[in-house]
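Colleague: I am attaching a structure below and will ask some questions about it afterwards.
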Amino acid sequence: MINHLRQLVISSSVLFAVLVTVYPAHSAPLKVLHLSLSAAETGFDPVMTSDLNTAAIEEQLFEPLLTYDYLARPVKLIPRLAAQMPVISDQGKTWLFTLKKGVYFSPDPVFKGKLREVTAQDVVYTIMRFMDPKNRSPYKFLVDHKILGLNALADQARQTGHFNYNAKVEGLEVVGPYQLKIRLTGTDYNFGHAMAQPMFGIVAREVIEAYQGDTASHPVGTGPYMIGQWIRSASINLVKNPNYRDERWHFTSQDPQDQKIVQAMTGKRIPQIDQVDIQIVEEAQSAYLSFLKGELDVFGVPGQFAPNVLSGTELKPKLQQQGIQLQRLVDPAIAYYFINIEDPQLGGMALSRIALRRAILMSLNDEEMIRVIYKGQAFREAFPIPQGVEGHDANYQSLIHYNPQEANDLLDKMGYKKAKDGYRRQIDGGPLYVKYTTTLTSQDRDLEEIMKKSLDRIGIRFVSEKLKFPEIIRAERQCRVAMRLSAWIADYPDGDNFMQLWYGPHTHENNASCFQDAKWDKLYEKTLALPNSPERDQLYRQLARLLEINGVTKVSTSHIRNVLIQPWVVGYKAHPILPSTWAYIDLIPEGERH
Amino acid sequence: MWSFFIRRLLQMIPTLLGVILLVFFLFNWVGGDPAYILAGKLASAEDIANIRHQLGIDQPWYWQLWIFIQQIATGNFGDSWATHESVAHIFKTRLTPSLVLLIPMMIIETVTAVCLALLVAVFRRSMIDQSLMVVSTIMMSISLLVYIIVGQYLFASLLGWFPVKGWSDSLWRDLTYYAPLPIFLGLLVSIAPSLRLYRTFILDEINQDYVRTARAKGLSESRVLFKHVLKNAAIPILTNLLMGLPGLLTGAFLLERFFAIPGIGREIILAVERSDFPIIKAATVYVAIATMLANLLADLLYRYLDPRVNLK
Amino acid sequence: MTSQEESMISSFSPSLWALARKRLARDAIGLLSLLVVVFFILMSLGSYFGFLAKNWDQEVAINYAPPTWLATNQESVSALQAPIPPRSQIDLYGQTDPLAPLLDELEAHNPQDINSPPDQQKVNHLVFGADKWGRSVILKTIKGSETSILVGLVAALVATAIGTVLGALSGYFGGWVDDFLNWFYNVFTAIPYLLLIFAIAAVLNQKGVSTIILILGLTGWTGVYRLIRAEYLKHRHREYVLAAKAMGASHYRRMFIHILPNTLHVILVQLSINVVGFIKSEVILSFLGFGVPVEVVSWGSMLNEAQNELVLGIWWQLVAAGVAMALLVTAFSVLTDALRDALDPKVVA
């Protein structure tokens, strides 16, 4: 017994000694950026990326051909791995990309200590991976049916169970080691946006094949950072990629507010920060308190805490005195109510049903929602294309306003009579209720409260349906969701990414309202053949108006992102599209702050 | 002894089968279809069918059940559907943080609760006993959620004694820097019920005849208490501890979520939200096996320490 | 079986009830807690029958109105609505609105339809503050007591009933019935509680107060089962049972008429332990998203709502629900203890 105890004491003191020696004090001041993400990452194989948090990290690990300018607003495409912007010919059908020379992948055992340069063949491989059924890529749609000959290869793979990466694809022609010609199946002026997404960061075939089945744990890209220590779902540490090329900070801007950033950063080598330490913090309170304590350097304030940090649109004086900076920008996203046109209770294109849907949409008080739930950090946005996205119309006036009085009159007039319980029935006396679908989270309880109050105002019964998010998506695809407040964030900053949400043939895909109207679809198809132009804008306005007239959708709000920045962070400017910009900023190391 | 042990091990098989069936049918029928979320924003029906095929959820149920049983037999539950991380790796890495939280909590809880229980047992029906009982009852009446919200705000933010959240990969730093506040808050709710339970165990022993005999023999009160009472009360206390351990593993999810600790409870909630069936299946089977083993161990211990119970 | 259960296993005579009542009457703390519990139950009954907190969902105050004693001369936040632009000014971009003639007609008849809805008069502060919609926190707490106590009591009844019936069957018949039920018990206790909650919630799917009751009832019966089974194992060979058998009493009679009253003390204590546990569990269920529906308020839903409010300095909802719950649960626990002591046949008065 005593012997055992002695052994225990000895081994635990050895353990202690090891722990102490492993963590010696840092000698040189490291620049470490501390950040938090609100949901766990899902693994770092770009082709399998499905969520923004993962994309934010991949933006630093991998590099696509193009990217967005850090400072330019509205956002502007610029080359990243490409040496210059692609040469577009044949009415937007042929895109010629030229790659930068001397771009190397981050070190990995697969390369056996040798430098591995990126070539045009890597780009072909990267794009091909999206069509491999085995990868089940959530962002396949960005290239699906778009590149000549690529879908035939995917069909073949589905039959043989094996994707032939050695095949020649007509639409992906390697012109030289650094040149690639991409031929599209049709006119598509948005293809450049697809090639700027972090999911299209270039990967090396030998790495992917070496880590077959576990590629998500072995990210090897050309980005400024690579993965250091990684505790899954808890913390991710990014360290500098030693093979990163000599890339200098060179962004310019006309905006006087940006001049400080330009002065501080121009000519500095990218990246300046040695390590990025990212923690996954799911509870908003934890993340918020963490920032206040200085444990986080840059933090997007969740709406519910806005009253604590803002007075009006300004930062609270107490935080200003600490030198904390505030940046506000509009998320390129909309929150919109839709009503299912195939729903037996609310659907159909009869005048009485259109009136019913319009009355329901008129009962919704967006102003109250903005004030009470979003704490003023949102604003009424009636147009389906949000600010900062091509095709947006700032002057668009909604047809549907909060007006429960008129809604009630309209329902009375149409013959939706109230029964003894105070709730209305269908015109033929049948049951009438709105089944409103939300997720199980507590934020969605607020949405339910709003909906219940709204429907009570016009005497329509509220029925709640709570589902897990994947279940909601399934129900939407089966046209079983009667009504929901949905949200859509831009995949790329073009209006088409939003308008396609109501396209008839997208029913059972992501047209959750299941709206299928020949007239609307025809107008929409016209927009596809047009580049961003006043002509297309006019069509978008007509499309938006038709959605309102038919009571399909009421676009409700756009949200404001409030980013707080600690005083020691240099050169930060919030970007509406890029999921992360950590390589473009700098900070004063911990020892030199005062 | 050995025949008892082997019989008990064999008895686990039908229980495990029951667990497998229950979990399989509960989650297969109503657990949701993750294909729709994995397919991404603009997926076609074909894409979804492809994913369902890859996950094997388009197979008939008996085939899926058979695969599940094979997985348990081989201990290989495959990869997470959401993150492609191997399930074995997930449990290997998430177990440590949960244990770093739970083992100190358990040790402190038991030591404190036993000491206090002895104290109140000695002074039973006095002011100390009654006031301690009332305080502990009040303490356990407050929801852990309230303790966490208030505790994090007060101790970590306003007073700044602890970090607000976080975890590292250094055991020492976790134990000394990140874990203390969650452990403390967990103890606020867990000491009181243990104290109350152990008090009854000790009182039970004090009322036994042998204690009276020992006292009659003229043994000092402290000797009676520590030599006789505590020794015998240790049996139910240890049993209770052992049997509670597997449940605790998944029960700390509130602490794990608020303090951003990568433990098992948080992982399970995440898996349910994502309909990540491989993780759910594995978690259930692992915890079920752990529970059964803990029960067996408790029984063995009980029978070993208490010679009055014979092993049939 | 632990020694705790064994302590329950002892002879028991009906006169013990009288003794218990006497013991309880002498226990001052026990009596006080009984009063508190009765007060809460009366309060929730009052709310159930509409005497109390009937208008809890009226938005009488401004959002987050502070408690009265903290009131400063805050100016009233005007909830003024933006004016509605006349429809004639809205460009339809060449499309036609089929509802336009109808709406024109309505607006001609009811000119107030084109005005924005009138502003409501709201107070600046309330006795114990208001929640985010301006509803009184006090009334919410009273209304919440109704749900929380209902959930706790009914779920405990369900759990105890399931546990008692299964335990009785198992202990009384023994043999393969016992084996089967024991297997069932083992399966249930082996599954992690958290996953069991998710699974049962998913099966029930219907979201409402009854779902919460069922989730708690269906997961909480195991403890009762274990104890009742032990009681029946012990009693079934007792003389009075054998005598009843000799007199031709059926199994059912022997189980529920003869033995059950002799296990009532165990059942009662288990019932109240479950009530306490379930009232607390409701908070966690709310956190996991299986809480009460939106038109119902409970302490759990209040605490989850208050989660993000404390940091904003809005503590009144957290305090109101937290204190109410702590008070009731403490009283109930103390009462349970007193009951256990009073009913414990081994403690000599």
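Numbering starts fresh at 1 for the residues of each chain in the structure tokens, the chains themselves are lettered A, B, ... in the order given, and ligands are numbered from 1 as they appear.
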Counting only C-alpha atoms, which residues of chain B fall within 8 Å of chain C, and what is the closest atom pair for each with its distance in Å at one decimal, ordered by chain and rising number, as a tab-separated table?
Modeller:
residue	atom	partner	partner_atom	distance
B:Pro14	CA	C:Trp183	CA	7.5
B:Thr15	CA	C:Val187	CA	5.4
B:Leu16	CA	C:Val187	CA	7.1
B:Gly18	CA	C:Val187	CA	5.8
B:Val19	CA	C:Val187	CA	5.3
B:Val23	CA	C:Ala199	CA	7.9
B:Leu26	CA	C:Ala199	CA	6.0
B:Phe27	CA	C:Ala199	CA	6.5
B:Val30	CA	C:Ala202	CA	5.9
B:Gly31	CA	C:Ala202	CA	6.7
B:Val134	CA	C:Val334	CA	7.6
B:Thr137	CA	C:Thr330	CA	5.6
B:Ile138	CA	C:Thr330	CA	5.3
B:Met140	CA	C:Thr330	CA	7.9
B:Ser141	CA	C:Ala326	CA	4.8
B:Ile142	CA	C:Ala326	CA	5.2
B:Ser143	CA	C:Lys280	CA	6.3
B:Leu145	CA	C:Ile284	CA	7.7
B:Val146	CA	C:Gly322	CA	7.3
B:Ile149	CA	C:Gln307	CA	6.5
B:Val150	CA	C:Leu310	CA	7.7
B:Tyr153	CA	C:Val311	CA	7.1
B:Thr200	CA	C:Gln4	CA	7.9
B:Phe201	CA	C:Gln4	CA	7.0
B:Asp204	CA	C:Ser7	CA	7.7
B:Pro236	CA	C:Thr2	CA	6.3
B:Gly247	CA	C:Pro192	CA	6.4
B:Thr250	CA	C:Leu194	CA	6.9
B:Gly251	CA	C:Leu194	CA	7.2
B:Ile268	CA	C:Leu195	CA	7.8
B:Val272	CA	C:Phe198	CA	7.6
B:Ile280	CA	C:Leu195	CA	7.9
B:Thr284	CA	C:Ile191	CA	5.9
B:Val285	CA	C:Ile191	CA	7.8
B:Val287	CA	C:Pro192	CA	6.3
B:Ala288	CA	C:Ala190	CA	4.4
B:Ile289	CA	C:Ala190	CA	7.4
B:Thr291	CA	C:Ala190	CA	5.6
B:Met292	CA	C:Ala190	CA	6.7
Colleague: Mind dumping a table of every region 234-343 of chain C residue within 6 Å of region 155-174 of chain C, with the nearest atom pair and its distance in Å to one decimal, using only C-alpha atoms, sorted by chain and rising number, as CSV?
Modeller:
residue,atom,partner,partner_atom,distance
C:Arg236,CA,C:Tyr172,CA,6.0
C:Leu271,CA,C:Ala156,CA,5.8
C:Asn274,CA,C:Ala156,CA,5.2
C:Val275,CA,C:Ala156,CA,5.3
Colleague: Could the residues of chain B within 7 Å of chain A, counting only C-alpha atoms, be given as a ChimeraX atom specification, please?
Modeller: /B:32-34,36-44,51,82-84,157,164-165,172,257-262,273
Colleague: Selected residues, N, CA and C atoms, written as a tab-separated table (two decimals), in the first residue's frame, please.
Modeller:
chain	number	residue	atom	x	y	z
B	32	GLY	N	-34.71	11.96	-37.63
B	32	GLY	CA	-34.46	12.96	-38.66
B	32	GLY	C	-33.56	12.43	-39.76
B	33	ASP	N	-33.61	13.11	-40.87
B	33	ASP	CA	-32.87	12.70	-42.04
B	33	ASP	C	-31.83	13.77	-42.35
B	34	PRO	N	-30.56	13.48	-42.07
B	34	PRO	CA	-29.54	14.52	-42.21
B	34	PRO	C	-29.20	14.84	-43.66
B	36	TYR	N	-30.71	16.11	-46.04
B	36	TYR	CA	-31.16	17.41	-46.55
B	36	TYR	C	-30.24	18.54	-46.14
B	37	ILE	N	-29.65	18.41	-44.96
B	37	ILE	CA	-28.77	19.48	-44.53
B	37	ILE	C	-27.38	19.28	-45.08
B	38	LEU	N	-26.97	18.02	-45.22
B	38	LEU	CA	-25.63	17.75	-45.75
B	38	LEU	C	-25.54	18.13	-47.22
B	39	ALA	N	-26.69	18.13	-47.90
B	39	ALA	CA	-26.68	18.36	-49.33
B	39	ALA	C	-26.41	19.81	-49.70
B	40	GLY	N	-26.57	20.71	-48.73
B	40	GLY	CA	-26.29	22.11	-49.03
B	40	GLY	C	-27.51	22.86	-49.52
B	41	LYS	N	-27.27	24.11	-49.90
B	41	LYS	CA	-28.39	25.02	-50.10
B	41	LYS	C	-29.16	24.80	-51.39
B	42	LEU	N	-28.49	24.41	-52.46
B	42	LEU	CA	-29.20	24.32	-53.73
B	42	LEU	C	-29.17	22.90	-54.29
B	43	ALA	N	-29.40	21.92	-53.43
B	43	ALA	CA	-29.25	20.54	-53.86
B	43	ALA	C	-30.48	20.06	-54.62
B	44	SER	N	-30.27	19.15	-55.56
B	44	SER	CA	-31.39	18.55	-56.28
B	44	SER	C	-31.78	17.26	-55.59
B	51	ILE	N	-26.64	11.16	-51.34
B	51	ILE	CA	-26.15	11.22	-49.96
B	51	ILE	C	-26.80	10.13	-49.11
B	82	ALA	N	-21.48	14.59	-40.08
B	82	ALA	CA	-21.38	16.03	-40.27
B	82	ALA	C	-19.94	16.47	-40.47
B	83	THR	N	-19.00	15.88	-39.75
B	83	THR	CA	-17.63	16.41	-39.78
B	83	THR	C	-16.63	15.43	-40.38
B	84	HIS	N	-17.04	14.22	-40.68
B	84	HIS	CA	-16.16	13.19	-41.25
B	84	HIS	C	-15.06	12.77	-40.28
B	157	SER	N	-16.80	37.79	-14.92
B	157	SER	CA	-16.85	39.08	-15.60
B	157	SER	C	-16.71	40.25	-14.62
B	164	VAL	N	-13.59	33.72	-18.46
B	164	VAL	CA	-15.01	33.56	-18.76
B	164	VAL	C	-15.28	32.18	-19.36
B	165	LYS	N	-14.39	31.74	-20.19
B	165	LYS	CA	-14.59	30.46	-20.88
B	165	LYS	C	-13.24	30.01	-21.43
B	172	TRP	N	-2.55	20.73	-17.09
B	172	TRP	CA	-2.26	21.57	-15.93
B	172	TRP	C	-3.02	22.90	-16.01
B	257	ARG	N	-21.23	23.67	-22.25
B	257	ARG	CA	-21.66	24.65	-23.26
B	257	ARG	C	-21.30	26.07	-22.85
B	258	PHE	N	-21.59	26.42	-21.60
B	258	PHE	CA	-21.38	27.81	-21.19
B	258	PHE	C	-19.90	28.14	-21.07
B	259	PHE	N	-19.08	27.15	-20.69
B	259	PHE	CA	-17.67	27.44	-20.51
B	259	PHE	C	-16.84	26.95	-21.69
B	260	ALA	N	-17.51	26.62	-22.79
B	260	ALA	CA	-16.83	26.21	-24.03
B	260	ALA	C	-15.82	25.10	-23.77
B	261	ILE	N	-16.26	24.06	-23.09
B	261	ILE	CA	-15.38	22.93	-22.80
B	261	ILE	C	-15.74	21.79	-23.76
B	262	PRO	N	-14.78	21.26	-24.48
B	262	PRO	CA	-15.09	20.27	-25.51
B	262	PRO	C	-15.37	18.89	-24.94
B	273	GLU	N	-28.58	17.71	-32.70
B	273	GLU	CA	-29.00	18.83	-33.53
B	273	GLU	C	-28.71	18.56	-35.01
Colleague: Using only C-alpha atoms, which of the listed residues (C:Glu295, C:Phe180, C:Asn55, C:Leu153) sits closest to chain A?
Modeller: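 That would be C:Glu295, the residue with the smallest distance to chain A.
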Colleague: Would you give me, as an mmCIF file with N, CA, C and O atoms, in the first residue's frame, the residues of chain C that come within 6 Å of chain A, using only C-alpha atoms?
Modeller:
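Below is the file that was written, result_28.cif:
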data_model
loop_
_atom_site.group_PDB
_atom_site.id
_atom_site.type_symbol
_atom_site.label_atom_id
_atom_site.label_comp_id
_atom_site.auth_asym_id
_atom_site.auth_seq_id
_atom_site.Cartn_x
_atom_site.Cartn_y
_atom_site.Cartn_z
ATOM 1 N N TYR C 93 -44.870 48.871 -61.109
ATOM 2 C CA TYR C 93 -43.978 48.476 -62.205
ATOM 3 C C TYR C 93 -44.739 47.722 -63.293
ATOM 4 O O TYR C 93 -44.303 46.689 -63.785
ATOM 5 N N ASP C 97 -52.670 44.615 -59.411
ATOM 6 C CA ASP C 97 -52.967 44.016 -58.111
ATOM 7 C C ASP C 97 -54.441 43.623 -58.103
ATOM 8 O O ASP C 97 -55.321 44.492 -58.117
ATOM 9 N N ASP C 113 -58.608 53.041 -42.040
ATOM 10 C CA ASP C 113 -57.736 51.971 -42.501
ATOM 11 C C ASP C 113 -56.421 52.459 -43.075
ATOM 12 O O ASP C 113 -55.444 51.716 -43.113
ATOM 13 N N GLY C 289 -34.871 23.181 -25.574
ATOM 14 C CA GLY C 289 -35.843 23.489 -26.622
ATOM 15 C C GLY C 289 -37.109 22.666 -26.545
ATOM 16 O O GLY C 289 -37.935 22.699 -27.447
ATOM 17 N N LEU C 312 -27.584 42.410 -19.426
ATOM 18 C CA LEU C 312 -28.085 43.741 -19.764
ATOM 19 C C LEU C 312 -28.486 44.520 -18.518
ATOM 20 O O LEU C 312 -28.982 45.629 -18.615
#
Colleague: Can you list, as a PyMOL selection string, every protein, DNA or RNA residue that comes within 10 Å of Asp174 (chain B) when you count only C-alpha atoms, leaving out same-chain residues fewer than 6 positions away?
Modeller: chain B and resi 97+100-101+166-168+180+261
Colleague: At a cut-off of 6 Å, using only C-alpha atoms, what residues contact region 332-339 of chain A? Leave out same-chain residues fewer than 5 positions from it and give the result as a list in words.
Modeller: Pro386, Ala482, Met483, Arg484, Leu485, Ser486, Ala487, Trp488, Ile489, Ala490, Ser513, Val552, Thr553, Lys554, Val555, Ser556, Thr557 and Ser558 of chain A
Colleague: Can you spit out the residues from that selection as a PDB file, in the first residue's frame, using C-alpha atoms?
Modeller:
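Saved the output as part-v6.pdb:
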ATOM      1  CA  PRO A 386     -30.299  43.180 -49.759  1.00  0.00           C
ATOM      2  CA  ALA A 482     -47.015  26.388 -44.303  1.00  0.00           C
ATOM      3  CA  MET A 483     -45.255  29.535 -43.184  1.00  0.00           C
ATOM      4  CA  ARG A 484     -41.854  30.455 -41.870  1.00  0.00           C
ATOM      5  CA  LEU A 485     -39.524  33.365 -41.328  1.00  0.00           C
ATOM      6  CA  SER A 486     -36.586  32.248 -43.378  1.00  0.00           C
ATOM      7  CA  ALA A 487     -33.228  33.862 -43.984  1.00  0.00           C
ATOM      8  CA  TRP A 488     -30.879  33.845 -46.934  1.00  0.00           C
ATOM      9  CA  ILE A 489     -27.332  35.113 -46.903  1.00  0.00           C
ATOM     10  CA  ALA A 490     -25.531  35.889 -50.135  1.00  0.00           C
ATOM     11  CA  SER A 513     -42.881  28.816 -50.911  1.00  0.00           C
ATOM     12  CA  VAL A 552     -46.182  34.812 -51.433  1.00  0.00           C
ATOM     13  CA  THR A 553     -43.543  36.655 -49.505  1.00  0.00           C
ATOM     14  CA  LYS A 554     -42.985  39.651 -47.341  1.00  0.00           C
ATOM     15  CA  VAL A 555     -39.354  40.537 -47.090  1.00  0.00           C
ATOM     16  CA  SER A 556     -39.030  41.605 -43.491  1.00  0.00           C
ATOM     17  CA  THR A 557     -35.614  42.817 -42.371  1.00  0.00           C
ATOM     18  CA  SER A 558     -31.916  43.090 -43.011  1.00  0.00           C
TER      19      SER A 558
END
Colleague: Pick from B:Ile206, B:Leu154, B:Ser170, B:Tyr198: nearest to Leu185 (chain B), with only C-alpha atoms counted?
Modeller: B:Leu154
Colleague: Taking into account only C-alpha atoms, which residue in the set B:Phe123, B:Tyr210, B:Phe24, B:Tyr286 is nearest to Trp63 (chain B)?
Modeller: B:Phe24
Colleague: Leaving out Val114 (chain B) and any residue of its chain fewer than 3 positions from it, which residues lie within 12 Å of it when counting only C-alpha atoms, given as a ChimeraX atom specification?
Modeller: /B:106-111,117-121,191-202,226,229-231,233-234,236-238,241
Colleague: Could you please take those selected residues and save N, CA, C and O atoms as a tab-separated table (two decimals), in the first residue's frame?
Modeller:
chain	number	residue	atom	x	y	z
B	106	MET	N	-15.95	15.25	-8.46
B	106	MET	CA	-16.41	14.09	-7.71
B	106	MET	C	-15.62	13.95	-6.41
B	106	MET	O	-16.18	13.68	-5.36
B	107	ILE	N	-14.29	14.13	-6.51
B	107	ILE	CA	-13.46	13.97	-5.33
B	107	ILE	C	-13.84	15.02	-4.29
B	107	ILE	O	-14.12	14.71	-3.12
B	108	ILE	N	-13.89	16.29	-4.72
B	108	ILE	CA	-14.21	17.36	-3.78
B	108	ILE	C	-15.60	17.14	-3.20
B	108	ILE	O	-15.83	17.27	-2.00
B	109	GLU	N	-16.52	16.77	-4.08
B	109	GLU	CA	-17.90	16.57	-3.64
B	109	GLU	C	-17.95	15.49	-2.56
B	109	GLU	O	-18.55	15.68	-1.50
B	110	THR	N	-17.30	14.36	-2.83
B	110	THR	CA	-17.39	13.25	-1.89
B	110	THR	C	-16.73	13.60	-0.56
B	110	THR	O	-17.32	13.40	0.50
B	111	VAL	N	-15.53	14.17	-0.64
B	111	VAL	CA	-14.83	14.49	0.60
B	111	VAL	C	-15.64	15.50	1.42
B	111	VAL	O	-15.90	15.29	2.61
B	117	ALA	N	-21.35	15.30	6.39
B	117	ALA	CA	-22.33	14.32	6.84
B	117	ALA	C	-21.95	13.77	8.21
B	117	ALA	O	-22.80	13.59	9.08
B	118	LEU	N	-20.66	13.52	8.40
B	118	LEU	CA	-20.21	13.06	9.72
B	118	LEU	C	-20.49	14.12	10.77
B	118	LEU	O	-20.99	13.82	11.86
B	119	LEU	N	-20.19	15.35	10.39
B	119	LEU	CA	-20.40	16.46	11.32
B	119	LEU	C	-21.86	16.53	11.76
B	119	LEU	O	-22.16	16.57	12.96
B	120	VAL	N	-22.75	16.51	10.78
B	120	VAL	CA	-24.16	16.66	11.15
B	120	VAL	C	-24.67	15.40	11.84
B	120	VAL	O	-25.60	15.46	12.63
B	121	ALA	N	-24.03	14.25	11.53
B	121	ALA	CA	-24.47	13.03	12.19
B	121	ALA	C	-24.10	13.07	13.66
B	121	ALA	O	-24.85	12.63	14.52
B	191	ILE	N	-23.14	19.02	-4.23
B	191	ILE	CA	-22.77	18.64	-2.86
B	191	ILE	C	-24.02	18.36	-2.02
B	191	ILE	O	-24.09	17.35	-1.32
B	192	ALA	N	-25.00	19.24	-2.14
B	192	ALA	CA	-26.15	19.14	-1.25
B	192	ALA	C	-26.86	17.78	-1.32
B	192	ALA	O	-27.07	17.16	-0.28
B	193	PRO	N	-27.22	17.28	-2.50
B	193	PRO	CA	-27.90	15.98	-2.51
B	193	PRO	C	-27.02	14.86	-1.95
B	193	PRO	O	-27.53	13.99	-1.23
B	194	SER	N	-25.71	14.91	-2.24
B	194	SER	CA	-24.83	13.88	-1.70
B	194	SER	C	-24.80	13.96	-0.18
B	194	SER	O	-24.88	12.94	0.51
B	195	LEU	N	-24.67	15.18	0.31
B	195	LEU	CA	-24.63	15.36	1.76
B	195	LEU	C	-25.87	14.75	2.41
B	195	LEU	O	-25.79	14.03	3.39
B	196	ARG	N	-27.01	15.04	1.82
B	196	ARG	CA	-28.26	14.55	2.41
B	196	ARG	C	-28.32	13.03	2.36
B	196	ARG	O	-28.74	12.37	3.31
B	197	LEU	N	-27.85	12.46	1.25
B	197	LEU	CA	-27.88	11.01	1.11
B	197	LEU	C	-26.91	10.36	2.10
B	197	LEU	O	-27.27	9.42	2.81
B	198	TYR	N	-25.68	10.91	2.17
B	198	TYR	CA	-24.67	10.30	3.03
B	198	TYR	C	-25.06	10.44	4.49
B	198	TYR	O	-24.74	9.59	5.31
B	199	ARG	N	-25.75	11.50	4.80
B	199	ARG	CA	-26.22	11.67	6.18
B	199	ARG	C	-27.14	10.52	6.55
B	199	ARG	O	-27.03	9.95	7.64
B	200	THR	N	-28.04	10.15	5.65
B	200	THR	CA	-28.94	9.04	5.98
B	200	THR	C	-28.15	7.73	6.09
B	200	THR	O	-28.45	6.91	6.96
B	201	PHE	N	-27.14	7.57	5.21
B	201	PHE	CA	-26.33	6.35	5.31
B	201	PHE	C	-25.68	6.26	6.69
B	201	PHE	O	-25.69	5.22	7.33
B	202	ILE	N	-25.10	7.39	7.11
B	202	ILE	CA	-24.37	7.38	8.38
B	202	ILE	C	-25.34	7.21	9.54
B	202	ILE	O	-25.09	6.45	10.47
B	226	PHE	N	-15.29	6.90	13.39
B	226	PHE	CA	-14.41	6.70	12.24
B	226	PHE	C	-14.10	5.23	11.97
B	226	PHE	O	-14.03	4.80	10.85
B	229	VAL	N	-18.51	3.28	12.18
B	229	VAL	CA	-19.60	3.85	11.39
B	229	VAL	C	-19.14	4.17	9.97
B	229	VAL	O	-19.74	3.73	8.99
B	230	LEU	N	-18.03	4.90	9.87
B	230	LEU	CA	-17.60	5.33	8.55
B	230	LEU	C	-17.24	4.14	7.68
B	230	LEU	O	-17.54	4.10	6.49
B	231	LYS	N	-16.62	3.15	8.29
B	231	LYS	CA	-16.22	1.97	7.53
B	231	LYS	C	-17.44	1.31	6.90
B	231	LYS	O	-17.42	0.91	5.73
B	233	ALA	N	-20.50	2.72	6.54
B	233	ALA	CA	-21.25	3.63	5.66
B	233	ALA	C	-20.53	3.80	4.33
B	233	ALA	O	-21.13	4.20	3.34
B	234	ALA	N	-19.23	3.48	4.31
B	234	ALA	CA	-18.47	3.64	3.08
B	234	ALA	C	-19.03	2.77	1.97
B	234	ALA	O	-18.93	3.11	0.79
B	236	PRO	N	-22.29	1.87	1.04
B	236	PRO	CA	-23.29	2.53	0.18
B	236	PRO	C	-22.76	3.79	-0.48
B	236	PRO	O	-23.15	4.12	-1.60
B	237	ILE	N	-21.85	4.49	0.19
B	237	ILE	CA	-21.32	5.72	-0.40
B	237	ILE	C	-20.55	5.40	-1.68
B	237	ILE	O	-20.75	6.00	-2.73
B	238	LEU	N	-19.67	4.40	-1.59
B	238	LEU	CA	-18.89	4.02	-2.77
B	238	LEU	C	-19.80	3.51	-3.89
B	238	LEU	O	-19.61	3.84	-5.06
B	241	LEU	N	-21.41	6.35	-5.54
B	241	LEU	CA	-20.45	7.08	-6.37
B	241	LEU	C	-20.24	6.40	-7.71
B	241	LEU	O	-20.31	7.02	-8.77
Colleague: Just give me the gap between CA of Pro107 (chain A) and CA of Thr222 (chain A) in Å, one decimal is fine.
Modeller: 9.5 Å
Colleague: Give me, as a ChimeraX atom specification, all polymer residues having an atom no more than 8 Å from region 251-268 of chain C, counting only C-alpha atoms and skipping those fewer than 4 positions away in the same chain.
Modeller: /C:8,12-14,160,164,168,172,224,227-228,231-232,235-236,241,244-245,272,340,343
Colleague: If you run DSSP over the backbone, which residues in region 316-557 of chain A end up helix (DSSP H, G or I)? Put them as a count of residues only.
Modeller: 98
